[in-house]
Amino acid sequence: MAATSLSLNLGLPSPAANNLNRHGLHNIITCSASENTSPNQQRCLMRRSYLLGAGALSLGLLLPATPLLAQGVPENYEIFVDKRDGYSYYYPSDWREFDFRGHDSAFKDRYLQLQNVRLSFIPTDKTDIHDLGPMQEVVPDLVKHVYSAPNQVANIMEMKERTTDGKNYFTFEYVLTSPNFSRAAFATIAIANGRYYTLIVGANERRWRKFRNKLKVVADSFQVLDI
């Protein structure tokens with residue numbers, strides 16, 4: 001096999017494609033092997049090399065400067081950066097990566113699996129989140145008609161807009177209540193690179209008060225990167 005080279009790879013959840021039609025992203029160092037390496041082997045190499053990330057980032061060898069990284073990662077958090085897919089975000093350092101169907105990346109609490117963050121994206125011809133419409137209209141539509149199941153009651157607690165490095169984001173807090181279960185979450189959405197990105201981080205509502213501020217750091221840290 002050809003000699004392995006190190007390169008930085010960045011990877012995020014999105015709402016259903018039909019919603020987009022209505023309206024018109026760890027410390028990861030990926031290993032690039034030979035052309036004969038299978039997709040599964042490549043993914044394995046990527047994830048194994050995650051353990052090398054902290055050292056590489058601390059040396060500043062492989063990661064171009066961005067406002068998010070320049071701020072420094074908060075204590076007890078790690079940073080996931082997917083340069084290929086154009087996004088980054090923080091996650092609690094004691095969480096573990098896992099596969100979440102239909103999502104590009106995901107991490108969960110090792111003991112509380114419903115406490116997790118996941119990111120996905122879908123193609124779009126929009127160029128900015130404002131192209132979807134006003135936040136006061138877009139967010140309720142997403143929560144009530146995309147994120148909610150038919151048997152759930154949606155309650156939006158808070159929503160805000162921010163601009164970071166010229167990119168616009170909507171972040172909102174909401175609760176979905178079912179007959180036997182309730183879940184609270186933050187979602188952050190953005191459009192860039194011809195993609196509609198969605199990051200969702202949440203937990204069982206019974207644990208929300210204890211972990212809310214911890215999870216808010218994750219939602220507020222999400223950034224899209226130029227690719």
# chains A, B, ... in the order shown; residues from 1 in each chain; ligands from 1
>>> residues_around(residues="Phe181 of chain A", least_positions_apart="6", cutoff="12 Å", atoms="only C-alpha atoms", output="compact mmCIF listing (two decimals) with all heavy atoms, in the first residue's frame")
# COMPACT_ATOMS: atom_id res chain seq x y z
N LEU A 114 -29.68 9.23 24.43
CA LEU A 114 -30.59 10.22 23.88
C LEU A 114 -30.03 11.64 24.00
O LEU A 114 -30.62 12.58 23.48
CB LEU A 114 -31.95 10.14 24.57
CG LEU A 114 -32.74 8.85 24.32
CD1 LEU A 114 -34.04 8.85 25.10
CD2 LEU A 114 -33.02 8.66 22.84
N ASN A 151 -47.72 12.68 16.32
CA ASN A 151 -48.28 12.57 17.67
C ASN A 151 -47.56 13.46 18.68
O ASN A 151 -47.76 13.34 19.89
CB ASN A 151 -48.20 11.12 18.17
CG ASN A 151 -46.77 10.64 18.35
OD1 ASN A 151 -45.85 11.15 17.72
ND2 ASN A 151 -46.60 9.65 19.22
N GLN A 152 -46.72 14.38 18.20
CA GLN A 152 -45.97 15.25 19.10
C GLN A 152 -46.50 16.68 19.07
O GLN A 152 -46.95 17.17 18.03
CB GLN A 152 -44.48 15.27 18.71
CG GLN A 152 -43.76 13.95 18.97
CD GLN A 152 -42.31 14.02 18.53
OE1 GLN A 152 -41.99 14.52 17.45
NE2 GLN A 152 -41.41 13.51 19.37
N VAL A 153 -46.42 17.31 20.22
CA VAL A 153 -46.76 18.73 20.34
C VAL A 153 -45.46 19.51 20.41
O VAL A 153 -44.58 19.21 21.23
CB VAL A 153 -47.61 18.99 21.60
CG1 VAL A 153 -47.87 20.49 21.76
CG2 VAL A 153 -48.92 18.23 21.52
N VAL A 175 -39.13 22.09 22.31
CA VAL A 175 -39.48 20.86 23.04
C VAL A 175 -40.55 20.12 22.24
O VAL A 175 -41.52 20.74 21.77
CB VAL A 175 -40.02 21.17 24.45
CG1 VAL A 175 -40.42 19.87 25.17
CG2 VAL A 175 -38.99 21.93 25.27
N ALA A 203 -31.60 16.40 24.43
CA ALA A 203 -31.62 15.45 25.54
C ALA A 203 -33.06 15.22 25.96
O ALA A 203 -33.98 15.95 25.56
CB ALA A 203 -30.81 15.99 26.72
N ASN A 204 -33.25 14.20 26.79
CA ASN A 204 -34.54 13.97 27.43
C ASN A 204 -34.93 15.23 28.20
O ASN A 204 -34.10 15.83 28.89
CB ASN A 204 -34.40 12.77 28.38
CG ASN A 204 -35.71 12.36 28.99
OD1 ASN A 204 -36.48 13.20 29.47
ND2 ASN A 204 -35.98 11.07 28.99
N GLU A 205 -36.19 15.63 28.10
CA GLU A 205 -36.61 16.88 28.73
C GLU A 205 -36.38 16.86 30.24
O GLU A 205 -36.11 17.90 30.85
CB GLU A 205 -38.07 17.17 28.43
CG GLU A 205 -38.49 18.57 28.89
CD GLU A 205 -39.97 18.82 28.77
OE1 GLU A 205 -40.73 17.85 28.65
OE2 GLU A 205 -40.36 20.00 28.82
N ARG A 206 -36.47 15.70 30.86
CA ARG A 206 -36.27 15.61 32.30
C ARG A 206 -34.86 16.00 32.71
O ARG A 206 -34.62 16.43 33.83
CB ARG A 206 -36.58 14.18 32.80
CG ARG A 206 -38.06 13.82 32.76
CD ARG A 206 -38.28 12.40 33.22
NE ARG A 206 -37.64 11.44 32.31
CZ ARG A 206 -37.67 10.12 32.50
NH1 ARG A 206 -38.28 9.62 33.55
NH2 ARG A 206 -37.07 9.33 31.63
>>> select_by_dssp(residues="segment 77-158 of chain A", states="strand (DSSP E or B)", output="ChimeraX atom specification")
/A:77-82,87-92,95-97,105-109,116-123,153-158
>>> write_last_selection(atoms="N, CA and C atoms", output="short mmCIF file (atom, residue, chain, number, x, y, z; two decimals), in the first residue's frame")
data_model
loop_
_atom_site.label_atom_id
_atom_site.label_comp_id
_atom_site.auth_asym_id
_atom_site.auth_seq_id
_atom_site.Cartn_x
_atom_site.Cartn_y
_atom_site.Cartn_z
N TYR A 77 -14.52 20.27 26.20
CA TYR A 77 -15.09 20.09 24.87
C TYR A 77 -13.97 19.71 23.89
N GLU A 78 -14.36 19.05 22.81
CA GLU A 78 -13.48 18.80 21.67
C GLU A 78 -14.09 19.51 20.46
N ILE A 79 -13.32 19.62 19.41
CA ILE A 79 -13.84 20.22 18.19
C ILE A 79 -13.83 19.20 17.07
N PHE A 80 -14.94 19.12 16.37
CA PHE A 80 -15.04 18.28 15.17
C PHE A 80 -14.98 19.21 13.97
N VAL A 81 -14.07 18.94 13.06
CA VAL A 81 -13.91 19.78 11.88
C VAL A 81 -13.95 18.89 10.65
N ASP A 82 -14.83 19.21 9.72
CA ASP A 82 -14.90 18.48 8.46
C ASP A 82 -14.67 19.48 7.33
N TYR A 87 -17.73 22.28 7.57
CA TYR A 87 -18.35 22.69 8.83
C TYR A 87 -17.50 22.28 10.02
N SER A 88 -17.82 22.85 11.18
CA SER A 88 -17.16 22.49 12.43
C SER A 88 -18.10 22.79 13.58
N TYR A 89 -17.87 22.10 14.71
CA TYR A 89 -18.64 22.36 15.93
C TYR A 89 -17.93 21.72 17.12
N TYR A 90 -18.26 22.21 18.31
CA TYR A 90 -17.76 21.61 19.54
C TYR A 90 -18.69 20.49 19.99
N TYR A 91 -18.16 19.56 20.76
CA TYR A 91 -18.98 18.54 21.43
C TYR A 91 -18.30 18.19 22.75
N PRO A 92 -19.06 17.75 23.77
CA PRO A 92 -18.46 17.40 25.06
C PRO A 92 -17.38 16.33 24.91
N TRP A 95 -18.13 12.55 25.16
CA TRP A 95 -19.05 11.91 24.22
C TRP A 95 -18.27 11.06 23.23
N ARG A 96 -18.99 10.14 22.59
CA ARG A 96 -18.39 9.23 21.64
C ARG A 96 -19.08 9.32 20.29
N GLU A 97 -18.31 9.16 19.24
CA GLU A 97 -18.87 9.21 17.89
C GLU A 97 -19.74 7.98 17.63
N SER A 105 -22.33 13.42 10.58
CA SER A 105 -21.55 13.17 11.79
C SER A 105 -22.48 13.20 12.99
N ALA A 106 -22.07 12.51 14.06
CA ALA A 106 -22.89 12.46 15.27
C ALA A 106 -22.04 12.01 16.45
N PHE A 107 -22.34 12.57 17.63
CA PHE A 107 -21.69 12.18 18.88
C PHE A 107 -22.76 12.05 19.95
N LYS A 108 -22.54 11.14 20.92
CA LYS A 108 -23.52 10.93 21.98
C LYS A 108 -22.83 10.71 23.31
N ASP A 109 -23.55 10.98 24.38
CA ASP A 109 -23.10 10.66 25.72
C ASP A 109 -22.92 9.15 25.83
N ASN A 116 -27.39 13.75 22.61
CA ASN A 116 -26.48 13.64 21.47
C ASN A 116 -26.53 14.87 20.59
N VAL A 117 -25.57 14.94 19.67
CA VAL A 117 -25.54 15.96 18.63
C VAL A 117 -25.38 15.24 17.30
N ARG A 118 -26.09 15.73 16.29
CA ARG A 118 -25.93 15.15 14.95
C ARG A 118 -26.06 16.26 13.92
N LEU A 119 -25.37 16.05 12.82
CA LEU A 119 -25.35 17.05 11.77
C LEU A 119 -25.60 16.41 10.41
N SER A 120 -26.38 17.10 9.59
CA SER A 120 -26.64 16.62 8.24
C SER A 120 -26.75 17.80 7.29
N PHE A 121 -26.74 17.52 6.01
CA PHE A 121 -26.92 18.58 5.02
C PHE A 121 -27.55 18.00 3.77
N ILE A 122 -28.23 18.86 3.01
CA ILE A 122 -28.82 18.48 1.73
C ILE A 122 -28.50 19.57 0.71
N PRO A 123 -28.52 19.25 -0.57
CA PRO A 123 -28.23 20.27 -1.58
C PRO A 123 -29.32 21.35 -1.62
N VAL A 153 -46.42 17.31 20.22
CA VAL A 153 -46.76 18.73 20.34
C VAL A 153 -45.46 19.51 20.41
N ALA A 154 -45.31 20.50 19.55
CA ALA A 154 -44.07 21.29 19.48
C ALA A 154 -44.23 22.61 20.22
N ASN A 155 -43.22 22.95 20.98
CA ASN A 155 -43.21 24.21 21.71
C ASN A 155 -41.85 24.88 21.52
N ILE A 156 -41.83 26.03 20.88
CA ILE A 156 -40.59 26.75 20.62
C ILE A 156 -40.31 27.68 21.80
N MET A 157 -39.14 27.50 22.43
CA MET A 157 -38.80 28.25 23.63
C MET A 157 -38.06 29.55 23.30
N GLU A 158 -37.20 29.49 22.30
CA GLU A 158 -36.35 30.65 22.01
C GLU A 158 -35.79 30.52 20.60
#
>>> atom_distance(atom1="atom CA of Ala190 of chain A", atom2="atom CA of Lys160 of chain A")
12.6 Å
>>> closest_residue(among="A:Gly86, A:Pro74, A:Asp220, A:Leu225", to="Arg162 of chain A", atoms="only C-alpha atoms")
A:Asp220
>>> atom_distance(atom1="atom CA of Thr164 of chain A", atom2="atom CA of Val224 of chain A")
9.2 Å
>>> select_by_dssp(residues="segment 110-214 of chain A", states="alpha helix (DSSP H)", output="PyMOL selection string")
chain A and resi 135-142+205-214
>>> closest_residue(among="A:Trp208, A:Tyr147, A:Tyr197, A:Tyr111", to="Asn168 of chain A", atoms="only C-alpha atoms")
A:Tyr197
>>> residues_around(residues="segment 184-189 of chain A", least_positions_apart="4", cutoff="7 Å", atoms="only C-alpha atoms", output="ChimeraX atom specification")
/A:169-176,197-205,208,216,219
>>> atom_distance(atom1="atom CA of Arg212 of chain A", atom2="atom CA of Lys144 of chain A")
21.1 Å
>>> closest_residue(among="A:Lys167, A:Lys126, A:Asp104, A:Leu215", to="Arg84 of chain A", atoms="only C-alpha atoms")
A:Asp104
